[in-house]
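**Student:** So I've got this file, run.pdb, and it contains PDB, C-alpha atoms:
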MODEL        1
ATOM      1  CA  MET Y   1       4.100  19.186  44.054
ATOM      2  CA  LEU Y   2       2.899  15.598  44.548
ATOM      3  CA  ILE Y   3       2.648  13.057  41.716
ATOM      4  CA  SER Y   4      -1.155  13.096  42.042
ATOM      5  CA  ASP Y   5      -1.187  16.901  41.660
ATOM      6  CA  LEU Y   6       1.022  16.617  38.595
ATOM      7  CA  TRP Y   7      -1.434  14.070  37.181
ATOM      8  CA  SER Y   8      -4.332  16.535  37.492
ATOM      9  CA  LEU Y   9      -2.418  19.136  35.480
ATOM     10  CA  TYR Y  10      -1.165  16.554  32.979
ATOM     11  CA  GLU Y  11      -4.635  15.077  32.420
ATOM     12  CA  ALA Y  12      -6.164  18.522  31.863
ATOM     13  CA  ASP Y  13      -3.433  19.375  29.359
ATOM     14  CA  LYS Y  14      -3.906  16.114  27.423
ATOM     15  CA  ARG Y  15      -7.684  16.546  27.450
ATOM     16  CA  ILE Y  16      -7.226  19.997  25.879
ATOM     17  CA  GLN Y  17      -4.909  18.420  23.274
ATOM     18  CA  GLY Y  18      -7.737  16.060  22.320
ATOM     19  CA  PHE Y  19      -6.530  12.752  23.784
ATOM     20  CA  SER Y  20      -9.294  10.161  23.792
ATOM     21  CA  THR Y  21     -11.037   9.195  27.019
ATOM     22  CA  ASN Y  22      -9.745   5.634  26.577
ATOM     23  CA  THR Y  23      -6.140   6.852  26.408
ATOM     24  CA  LEU Y  24      -6.624   9.034  29.488
ATOM     25  CA  ARG Y  25      -8.266   6.145  31.344
ATOM     26  CA  ALA Y  26      -5.297   3.898  30.497
ATOM     27  CA  TYR Y  27      -2.870   6.603  31.651
ATOM     28  CA  GLY Y  28      -4.887   7.026  34.864
ATOM     29  CA  LEU Y  29      -4.504   3.323  35.550
ATOM     30  CA  GLN Y  30      -0.741   3.586  34.963
ATOM     31  CA  LEU Y  31      -0.611   6.478  37.437
ATOM     32  CA  LYS Y  32      -2.496   4.494  40.113
ATOM     33  CA  ILE Y  33      -0.015   1.636  39.750
ATOM     34  CA  LEU Y  34       2.931   4.056  39.942
ATOM     35  CA  VAL Y  35       1.585   5.809  43.064
ATOM     36  CA  LYS Y  36       0.692   2.485  44.706
ATOM     37  CA  GLU Y  37       4.264   1.267  44.221
ATOM     38  CA  LEU Y  38       6.235   4.467  44.931
ATOM     39  CA  GLY Y  39       3.776   6.381  47.091
ATOM     40  CA  ASP Y  40       2.448   9.839  46.310
ATOM     41  CA  LEU Y  41       5.917  11.403  46.396
ATOM     42  CA  ASN Y  42       6.885  14.962  45.763
ATOM     43  CA  ILE Y  43       7.931  14.979  42.091
ATOM     44  CA  THR Y  44      11.365  16.391  42.979
ATOM     45  CA  GLU Y  45      12.072  13.176  44.939
ATOM     46  CA  VAL Y  46      11.609  10.997  41.838
ATOM     47  CA  THR Y  47      14.956   9.962  40.356
ATOM     48  CA  LEU Y  48      16.046   7.873  37.388
ATOM     49  CA  ASN Y  49      17.197   5.094  39.727
ATOM     50  CA  LEU Y  50      13.867   5.067  41.562
ATOM     51  CA  LEU Y  51      12.013   4.758  38.239
ATOM     52  CA  LYS Y  52      14.370   2.001  37.066
ATOM     53  CA  GLU Y  53      13.826   0.039  40.284
ATOM     54  CA  TYR Y  54      10.056   0.384  39.884
ATOM     55  CA  LEU Y  55      10.174  -0.755  36.249
ATOM     56  CA  ALA Y  56      12.564  -3.628  37.041
ATOM     57  CA  LYS Y  57      10.015  -4.988  39.560
ATOM     58  CA  GLN Y  58       7.247  -4.600  37.010
ATOM     59  CA  SER Y  59       9.242  -6.297  34.237
ATOM     60  CA  ASN Y  60       9.119  -9.662  36.024
ATOM     61  CA  ARG Y  61       5.385  -9.987  35.418
ATOM     62  CA  LEU Y  62       4.749  -7.890  32.305
ATOM     63  CA  LYS Y  63       5.138  -8.576  28.611
ATOM     64  CA  PRO Y  64       7.559  -6.222  26.831
ATOM     65  CA  SER Y  65       4.653  -4.410  25.129
ATOM     66  CA  SER Y  66       2.963  -3.698  28.491
ATOM     67  CA  LEU Y  67       6.234  -2.562  30.024
ATOM     68  CA  GLY Y  68       6.781  -0.325  27.000
ATOM     69  CA  HIS Y  69       3.363   1.263  27.554
ATOM     70  CA  ARG Y  70       4.242   1.919  31.191
ATOM     71  CA  ILE Y  71       7.581   3.506  30.220
ATOM     72  CA  ARG Y  72       5.954   5.717  27.561
ATOM     73  CA  PHE Y  73       3.476   6.997  30.137
ATOM     74  CA  ILE Y  74       6.200   7.773  32.703
ATOM     75  CA  ARG Y  75       8.323   9.547  30.097
ATOM     76  CA  SER Y  76       5.346  11.564  28.919
ATOM     77  CA  LEU Y  77       4.335  12.551  32.467
ATOM     78  CA  PHE Y  78       7.805  13.698  33.510
ATOM     79  CA  ARG Y  79       8.525  15.362  30.154
ATOM     80  CA  PHE Y  80       5.358  17.392  30.770
ATOM     81  CA  ALA Y  81       6.567  18.293  34.299
ATOM     82  CA  PHE Y  82       9.939  19.389  32.932
ATOM     83  CA  GLU Y  83       8.526  21.375  29.990
ATOM     84  CA  GLU Y  84       6.049  23.155  32.282
ATOM     85  CA  THR Y  85       9.004  23.971  34.627
ATOM     86  CA  TYR Y  86       7.619  21.988  37.564
ATOM     87  CA  LEU Y  87      10.936  20.080  37.545
ATOM     88  CA  PRO Y  88      14.471  21.377  36.894
ATOM     89  CA  SER Y  89      15.377  18.160  35.025
ATOM     90  CA  ASN Y  90      13.557  15.169  33.583
ATOM     91  CA  PRO Y  91      14.305  11.995  35.617
ATOM     92  CA  SER Y  92      12.754   9.743  32.932
ATOM     93  CA  LEU Y  93      14.851  11.055  30.044
ATOM     94  CA  LYS Y  94      17.170   8.024  29.885
ATOM     95  CA  LEU Y  95      14.456   5.371  30.248
ATOM     96  CA  CYS Y  96      14.411   3.065  27.230
ATOM     97  CA  GLU Y  97      11.642   0.782  26.070
ATOM     98  CA  PRO Y  98      12.330  -2.955  25.977
ATOM     99  CA  LYS Y  99      13.144  -4.599  22.681
ATOM    100  CA  MET Y 100      10.008  -6.059  21.114
ATOM    101  CA  ASP Y 101       9.824  -9.405  19.385
ATOM    102  CA  LYS Y 102       8.660  -9.174  15.812
ATOM    103  CA  ARG Y 103       5.725 -11.500  15.396
ATOM    104  CA  ILE Y 104       4.211 -12.687  12.175
ATOM    105  CA  PRO Y 105       0.546 -11.655  12.163
ATOM    106  CA  LYS Y 106      -2.052 -14.395  12.324
ATOM    107  CA  PHE Y 107      -4.634 -14.562   9.572
ATOM    108  CA  LEU Y 108      -7.706 -16.588   8.768
ATOM    109  CA  VAL Y 109      -7.398 -19.366   6.222
ATOM    110  CA  GLU Y 110     -10.120 -19.281   3.541
ATOM    111  CA  GLU Y 111     -11.584 -22.523   4.885
ATOM    112  CA  TYR Y 112     -12.192 -20.902   8.313
ATOM    113  CA  VAL Y 113     -13.831 -17.892   6.683
ATOM    114  CA  ILE Y 114     -16.223 -20.196   4.818
ATOM    115  CA  HIS Y 115     -17.073 -21.969   8.088
ATOM    116  CA  LEU Y 116     -17.761 -18.611   9.737
ATOM    117  CA  LYS Y 117     -20.050 -17.569   6.878
ATOM    118  CA  ILE Y 118     -21.962 -20.857   7.055
ATOM    119  CA  SER Y 119     -22.402 -20.512  10.832
ATOM    120  CA  CYS Y 120     -24.137 -17.102  10.608
ATOM    121  CA  LYS Y 121     -27.684 -17.475  11.902
ATOM    122  CA  SER Y 122     -29.133 -14.167  10.726
ATOM    123  CA  LEU Y 123     -28.822 -11.582   8.002
ATOM    124  CA  ARG Y 124     -27.368  -9.191  10.589
ATOM    125  CA  GLU Y 125     -24.586 -11.639  11.521
ATOM    126  CA  ARG Y 126     -23.714 -12.309   7.876
ATOM    127  CA  ALA Y 127     -23.694  -8.606   6.962
ATOM    128  CA  LEU Y 128     -21.508  -7.806   9.976
ATOM    129  CA  LEU Y 129     -19.077 -10.650   9.224
ATOM    130  CA  GLU Y 130     -18.798  -9.649   5.560
ATOM    131  CA  PHE Y 131     -18.202  -6.016   6.494
ATOM    132  CA  LEU Y 132     -15.573  -6.778   9.144
ATOM    133  CA  TYR Y 133     -13.737  -9.275   6.959
ATOM    134  CA  SER Y 134     -13.669  -7.176   3.794
ATOM    135  CA  THR Y 135     -12.780  -3.826   5.410
ATOM    136  CA  GLY Y 136     -10.507  -4.844   8.275
ATOM    137  CA  CYS Y 137     -12.357  -2.416  10.564
ATOM    138  CA  ARG Y 138     -12.350  -2.670  14.330
ATOM    139  CA  ILE Y 139     -15.607  -3.549  16.110
ATOM    140  CA  GLY Y 140     -15.700  -0.090  17.721
ATOM    141  CA  GLU Y 141     -15.426   1.544  14.302
ATOM    142  CA  VAL Y 142     -18.200  -0.562  12.793
ATOM    143  CA  GLU Y 143     -20.657   0.086  15.611
ATOM    144  CA  LYS Y 144     -20.405   3.854  14.913
ATOM    145  CA  ILE Y 145     -21.174   3.551  11.191
ATOM    146  CA  ASN Y 146     -24.427   5.171  10.145
ATOM    147  CA  ILE Y 147     -26.300   4.062   7.036
ATOM    148  CA  GLU Y 148     -25.654   7.462   5.435
ATOM    149  CA  ASP Y 149     -21.869   6.940   5.839
ATOM    150  CA  LEU Y 150     -22.014   4.225   3.165
ATOM    151  CA  ASN Y 151     -21.457   4.866  -0.526
ATOM    152  CA  TRP Y 152     -23.124   1.893  -2.215
ATOM    153  CA  GLU Y 153     -22.017   2.788  -5.768
ATOM    154  CA  ASN Y 154     -18.364   3.076  -4.773
ATOM    155  CA  CYS Y 155     -18.502   0.181  -2.224
ATOM    156  CA  SER Y 156     -16.916   2.409   0.401
ATOM    157  CA  ALA Y 157     -17.633   3.809   3.839
ATOM    158  CA  ILE Y 158     -16.316   6.623   5.982
ATOM    159  CA  VAL Y 159     -15.134   5.196   9.299
ATOM    160  CA  ASN Y 160     -14.300   7.098  12.493
ATOM    161  CA  GLY Y 161     -11.230   5.356  13.877
ATOM    162  CA  LYS Y 162      -9.023   5.703  16.919
ATOM    163  CA  GLY Y 163      -8.307   9.251  17.979
ATOM    164  CA  ALA Y 164     -11.351  10.565  16.067
ATOM    165  CA  LYS Y 165      -9.530  10.088  12.751
ATOM    166  CA  GLN Y 166     -11.694   9.467   9.712
ATOM    167  CA  ARG Y 167     -10.705   7.113   6.917
ATOM    168  CA  GLU Y 168     -12.347   5.578   3.907
ATOM    169  CA  VAL Y 169     -12.621   1.801   3.696
ATOM    170  CA  TYR Y 170     -13.772  -0.329   0.804
ATOM    171  CA  PHE Y 171     -15.902  -3.446   0.872
ATOM    172  CA  THR Y 172     -16.695  -6.309  -1.483
ATOM    173  CA  THR Y 173     -19.785  -6.876  -3.610
ATOM    174  CA  ASP Y 174     -20.912  -9.625  -1.202
ATOM    175  CA  THR Y 175     -20.726  -7.090   1.611
ATOM    176  CA  GLN Y 176     -22.674  -4.625  -0.521
ATOM    177  CA  ILE Y 177     -25.497  -7.107  -1.140
ATOM    178  CA  TYR Y 178     -25.822  -8.169   2.522
ATOM    179  CA  GLY Y 179     -25.374  -4.587   3.720
ATOM    180  CA  GLN Y 180     -28.059  -3.242   1.400
ATOM    181  CA  LEU Y 181     -30.486  -5.936   2.494
ATOM    182  CA  ARG Y 182     -29.701  -5.125   6.112
ATOM    183  CA  GLY Y 183     -29.809  -1.356   5.508
ATOM    184  CA  GLU Y 184     -33.183  -1.432   3.745
ATOM    185  CA  ARG Y 185     -34.742  -3.201   6.711
ATOM    186  CA  ARG Y 186     -33.235  -0.774   9.239
ATOM    187  CA  ARG Y 187     -33.409   2.531   7.344
ATOM    188  CA  GLU Y 188     -36.884   3.452   8.555
ATOM    189  CA  LEU Y 189     -36.139   2.710  12.226
ATOM    190  CA  TYR Y 190     -32.425   3.278  12.899
ATOM    191  CA  ARG Y 191     -29.447   5.432  11.872
ATOM    192  CA  HIS Y 192     -26.750   2.822  12.605
ATOM    193  CA  LEU Y 193     -26.039   0.047  10.123
ATOM    194  CA  PHE Y 194     -25.497  -2.630  12.785
TER
ENDMDL
END
Let me see the file written as structure tokens.

**Tutor:**
Amino acid sequence: MLISDLWSLYEADKRIQGFSTNTLRAYGLQLKILVKELGDLNITEVTLNLLKEYLAKQSNRLKPSSLGHRIRFIRSLFRFAFEETYLPSNPSLKLCEPKMDKRIPKFLVEEYVIHLKISCKSLRERALLEFLYSTGCRIGEVEKINIEDLNWENCSAIVNGKGAKQREVYFTTDTQIYGQLRGERRRELYRHLF
């Protein structure tokens, strides 16, 4: 079985398991890079040393986090092949992820937040800024929020996050005021808050 054939089976399996399309797209990109570098080999020809050589070449130009993503994909792909008995042994079993540097997260100083608030040119911008800042939501999560997902009395919202996981987030009174103003103007025309 060729690596590309294994990918078709692997992708179908992960789709059934409910992996997001973004995750599968990222894995597909990793596969293209792997096949471009190694060729579309028969999976029985793939060895630990071959994978290490491939990753060593990649490590010269990748950050440790990107290399770690590549290694996780390779381990997942070949673990699947082994568990489904397409391979007698898993060549990626001994691959280890690189050590990651621990970085202190960056945050906005209150002065910058005030400047951002002042620079908003519309009610929509101010409501969006207040919501993002107070909840810590991702842009992709906020764009999916419907007006009916908001609980104005409780200052909370149900958010659909990564991997179709729902969570409740809370927002400030300022966010509530701007959001209600924004919501009242949009309620008749649109479902989405932003």

**Student:** If we count all atoms listed in the file, what is near stretch 164-171 of chain Y at a cut-off of 9 Å, once residues fewer than 2 positions away on the same chain are taken out, given as a list in words?

**Tutor:** Ser20, Glu130, Phe131, Leu132, Tyr133, Ser134, Thr135, Gly136, Cys137, Asn154, Cys155, Ser156, Ala157, Ile158, Val159, Asn160, Gly161, Lys162, Thr173, Asp174, Thr175 and Gln176 of chain Y

**Student:** Take the PyMOL selection byres ((chain Y and resi 75) around 12), apply it to the structure above, and return the hits as a PyMOL selection string.

**Tutor:** chain Y and resi 27+30-31+48+51-52+68-74+76-83+90-97

**Student:** Restricting the output to C-alpha atoms, write the selected residues as an mmCIF file, keeping the file's coordinate frame.

**Tutor:**
data_model
loop_
_atom_site.group_PDB
_atom_site.id
_atom_site.type_symbol
_atom_site.label_atom_id
_atom_site.label_comp_id
_atom_site.auth_asym_id
_atom_site.auth_seq_id
_atom_site.Cartn_x
_atom_site.Cartn_y
_atom_site.Cartn_z
ATOM 1 C CA TYR Y 27 -2.870 6.603 31.651
ATOM 2 C CA GLN Y 30 -0.741 3.586 34.963
ATOM 3 C CA LEU Y 31 -0.611 6.478 37.437
ATOM 4 C CA LEU Y 48 16.046 7.873 37.388
ATOM 5 C CA LEU Y 51 12.013 4.758 38.239
ATOM 6 C CA LYS Y 52 14.370 2.001 37.066
ATOM 7 C CA GLY Y 68 6.781 -0.325 27.000
ATOM 8 C CA HIS Y 69 3.363 1.263 27.554
ATOM 9 C CA ARG Y 70 4.242 1.919 31.191
ATOM 10 C CA ILE Y 71 7.581 3.506 30.220
ATOM 11 C CA ARG Y 72 5.954 5.717 27.561
ATOM 12 C CA PHE Y 73 3.476 6.997 30.137
ATOM 13 C CA ILE Y 74 6.200 7.773 32.703
ATOM 14 C CA SER Y 76 5.346 11.564 28.919
ATOM 15 C CA LEU Y 77 4.335 12.551 32.467
ATOM 16 C CA PHE Y 78 7.805 13.698 33.510
ATOM 17 C CA ARG Y 79 8.525 15.362 30.154
ATOM 18 C CA PHE Y 80 5.358 17.392 30.770
ATOM 19 C CA ALA Y 81 6.567 18.293 34.299
ATOM 20 C CA PHE Y 82 9.939 19.389 32.932
ATOM 21 C CA GLU Y 83 8.526 21.375 29.990
ATOM 22 C CA ASN Y 90 13.557 15.169 33.583
ATOM 23 C CA PRO Y 91 14.305 11.995 35.617
ATOM 24 C CA SER Y 92 12.754 9.743 32.932
ATOM 25 C CA LEU Y 93 14.851 11.055 30.044
ATOM 26 C CA LYS Y 94 17.170 8.024 29.885
ATOM 27 C CA LEU Y 95 14.456 5.371 30.248
ATOM 28 C CA CYS Y 96 14.411 3.065 27.230
ATOM 29 C CA GLU Y 97 11.642 0.782 26.070
#

**Student:** For a test of reading the model, state the distance in Å between atom CA of Y:Leu129 and atom CA of Y:Lys117, rounded to one decimal.

**Tutor:** 7.4 Å

**Student:** Please indicate the distance in Å from atom CA of Y:Ile177 to atom CA of Y:Phe107, rounded to one decimal place.

**Tutor:**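 Taking atom CA of Y:Ile177 as the start and atom CA of Y:Phe107 as the end point, the length is 24.6 Å.
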
**Student:** What does the structure give for the distance between atom CA of Y:Pro98 and atom CA of Y:Leu55, in Å to one decimal?

**Tutor:**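 Between atom CA of Y:Pro98 and atom CA of Y:Leu55 the gap is 10.7 Å.
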
**Student:** Grab all the atoms of stretch 40-49 of chain Y that the file lists, wrap them in a box along x, y and z, add 6 Å per side, and give me centre plus edge lengths in Å (one decimal) as JSON.

**Tutor:**
{"center_x": 9.8, "center_y": 10.7, "center_z": 41.9, "size_x": 26.7, "size_y": 23.3, "size_z": 21.0}

**Student:** Taking into account all atoms listed in the file, which residue in the set Y:Ile139, Y:Ala26, Y:Leu150, Y:Met1 is nearest to Y:Thr85?

**Tutor:** Y:Met1

**Student:** Go through Y:Leu2, Y:Leu24, Y:Ile16, Y:Ile147 and flag the residue nearest Y:Asp40, using only C-alpha atoms for the distances.

**Tutor:** Y:Leu2

**Student:** Considering all atoms listed in the file, state which residue in the set Y:Asn151, Y:Ser8, Y:Thr21, Y:Ser89 is at the smallest distance from Y:Val46.

**Tutor:** Y:Ser89

**Student:** Residues near Y:Glu53, anyone? I mean within 12 Å using all atoms listed in the file, not counting same-chain ones fewer than 6 positions away, as number ranges by chain.

**Tutor:** Y: 34, 37-38, 46-47, 59-60, 95

**Student:** Please complete stretch 83-109 of chain Y so it has N, CA and C atoms, and hand it over as a PDB file, in the frame of the given file.

**Tutor:**
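Below is the file that was written, rebuild_1.pdb:
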ATOM      1  N   GLU Y  83       8.851  20.319  30.957  1.00  0.00           N
ATOM      2  CA  GLU Y  83       8.526  21.375  29.990  1.00  0.00           C
ATOM      3  C   GLU Y  83       7.689  22.492  30.610  1.00  0.00           C
ATOM      4  N   GLU Y  84       6.871  22.148  31.605  1.00  0.00           N
ATOM      5  CA  GLU Y  84       6.049  23.155  32.282  1.00  0.00           C
ATOM      6  C   GLU Y  84       6.802  23.789  33.456  1.00  0.00           C
ATOM      7  N   THR Y  85       8.081  23.468  33.586  1.00  0.00           N
ATOM      8  CA  THR Y  85       9.004  23.971  34.627  1.00  0.00           C
ATOM      9  C   THR Y  85       8.580  23.617  36.054  1.00  0.00           C
ATOM     10  N   TYR Y  86       7.904  22.486  36.218  1.00  0.00           N
ATOM     11  CA  TYR Y  86       7.619  21.988  37.564  1.00  0.00           C
ATOM     12  C   TYR Y  86       8.825  21.220  38.095  1.00  0.00           C
ATOM     13  N   LEU Y  87       9.718  20.806  37.192  1.00  0.00           N
ATOM     14  CA  LEU Y  87      10.936  20.080  37.545  1.00  0.00           C
ATOM     15  C   LEU Y  87      12.132  20.743  36.861  1.00  0.00           C
ATOM     16  N   PRO Y  88      13.284  20.798  37.541  1.00  0.00           N
ATOM     17  CA  PRO Y  88      14.471  21.377  36.894  1.00  0.00           C
ATOM     18  C   PRO Y  88      15.097  20.446  35.858  1.00  0.00           C
ATOM     19  N   SER Y  89      14.872  19.127  36.005  1.00  0.00           N
ATOM     20  CA  SER Y  89      15.377  18.160  35.025  1.00  0.00           C
ATOM     21  C   SER Y  89      14.391  17.001  34.924  1.00  0.00           C
ATOM     22  N   ASN Y  90      14.497  16.272  33.835  1.00  0.00           N
ATOM     23  CA  ASN Y  90      13.557  15.169  33.583  1.00  0.00           C
ATOM     24  C   ASN Y  90      14.194  13.855  34.031  1.00  0.00           C
ATOM     25  N   PRO Y  91      13.704  13.236  35.132  1.00  0.00           N
ATOM     26  CA  PRO Y  91      14.305  11.995  35.617  1.00  0.00           C
ATOM     27  C   PRO Y  91      14.064  10.787  34.696  1.00  0.00           C
ATOM     28  N   SER Y  92      13.100  10.891  33.789  1.00  0.00           N
ATOM     29  CA  SER Y  92      12.754   9.743  32.932  1.00  0.00           C
ATOM     30  C   SER Y  92      13.446   9.800  31.570  1.00  0.00           C
ATOM     31  N   LEU Y  93      14.273  10.814  31.359  1.00  0.00           N
ATOM     32  CA  LEU Y  93      14.851  11.055  30.044  1.00  0.00           C
ATOM     33  C   LEU Y  93      15.620   9.852  29.493  1.00  0.00           C
ATOM     34  N   LYS Y  94      16.316   9.131  30.343  1.00  0.00           N
ATOM     35  CA  LYS Y  94      17.170   8.024  29.885  1.00  0.00           C
ATOM     36  C   LYS Y  94      16.473   6.658  29.946  1.00  0.00           C
ATOM     37  N   LEU Y  95      15.190   6.648  30.247  1.00  0.00           N
ATOM     38  CA  LEU Y  95      14.456   5.371  30.248  1.00  0.00           C
ATOM     39  C   LEU Y  95      14.262   4.897  28.816  1.00  0.00           C
ATOM     40  N   CYS Y  96      14.565   3.643  28.573  1.00  0.00           N
ATOM     41  CA  CYS Y  96      14.411   3.065  27.230  1.00  0.00           C
ATOM     42  C   CYS Y  96      13.367   1.960  27.268  1.00  0.00           C
ATOM     43  N   GLU Y  97      12.639   1.848  26.177  1.00  0.00           N
ATOM     44  CA  GLU Y  97      11.642   0.782  26.070  1.00  0.00           C
ATOM     45  C   GLU Y  97      12.335  -0.548  25.794  1.00  0.00           C
ATOM     46  N   PRO Y  98      11.732  -1.641  26.251  1.00  0.00           N
ATOM     47  CA  PRO Y  98      12.330  -2.955  25.977  1.00  0.00           C
ATOM     48  C   PRO Y  98      12.247  -3.296  24.495  1.00  0.00           C
ATOM     49  N   LYS Y  99      13.146  -4.147  24.071  1.00  0.00           N
ATOM     50  CA  LYS Y  99      13.144  -4.599  22.681  1.00  0.00           C
ATOM     51  C   LYS Y  99      11.942  -5.518  22.474  1.00  0.00           C
ATOM     52  N   MET Y 100      11.215  -5.269  21.406  1.00  0.00           N
ATOM     53  CA  MET Y 100      10.008  -6.059  21.114  1.00  0.00           C
ATOM     54  C   MET Y 100      10.335  -7.171  20.128  1.00  0.00           C
ATOM     55  N   ASP Y 101       9.710  -8.314  20.350  1.00  0.00           N
ATOM     56  CA  ASP Y 101       9.824  -9.405  19.385  1.00  0.00           C
ATOM     57  C   ASP Y 101       8.961  -9.068  18.181  1.00  0.00           C
ATOM     58  N   LYS Y 102       9.464  -9.375  17.016  1.00  0.00           N
ATOM     59  CA  LYS Y 102       8.660  -9.174  15.812  1.00  0.00           C
ATOM     60  C   LYS Y 102       7.891 -10.460  15.559  1.00  0.00           C
ATOM     61  N   ARG Y 103       6.567 -10.337  15.585  1.00  0.00           N
ATOM     62  CA  ARG Y 103       5.725 -11.500  15.396  1.00  0.00           C
ATOM     63  C   ARG Y 103       5.053 -11.445  14.036  1.00  0.00           C
ATOM     64  N   ILE Y 104       4.927 -12.594  13.436  1.00  0.00           N
ATOM     65  CA  ILE Y 104       4.211 -12.687  12.175  1.00  0.00           C
ATOM     66  C   ILE Y 104       2.721 -12.646  12.497  1.00  0.00           C
ATOM     67  N   PRO Y 105       1.979 -11.746  11.846  1.00  0.00           N
ATOM     68  CA  PRO Y 105       0.546 -11.655  12.163  1.00  0.00           C
ATOM     69  C   PRO Y 105      -0.205 -12.935  11.804  1.00  0.00           C
ATOM     70  N   LYS Y 106      -1.206 -13.235  12.604  1.00  0.00           N
ATOM     71  CA  LYS Y 106      -2.052 -14.395  12.324  1.00  0.00           C
ATOM     72  C   LYS Y 106      -3.158 -13.966  11.365  1.00  0.00           C
ATOM     73  N   PHE Y 107      -3.562 -14.867  10.515  1.00  0.00           N
ATOM     74  CA  PHE Y 107      -4.634 -14.562   9.572  1.00  0.00           C
ATOM     75  C   PHE Y 107      -5.546 -15.768   9.456  1.00  0.00           C
ATOM     76  N   LEU Y 108      -6.732 -15.513   8.945  1.00  0.00           N
ATOM     77  CA  LEU Y 108      -7.706 -16.588   8.768  1.00  0.00           C
ATOM     78  C   LEU Y 108      -7.484 -17.274   7.424  1.00  0.00           C
ATOM     79  N   VAL Y 109      -7.477 -18.580   7.450  1.00  0.00           N
ATOM     80  CA  VAL Y 109      -7.398 -19.366   6.222  1.00  0.00           C
ATOM     81  C   VAL Y 109      -8.784 -19.323   5.575  1.00  0.00           C
TER      82      VAL Y 109
END
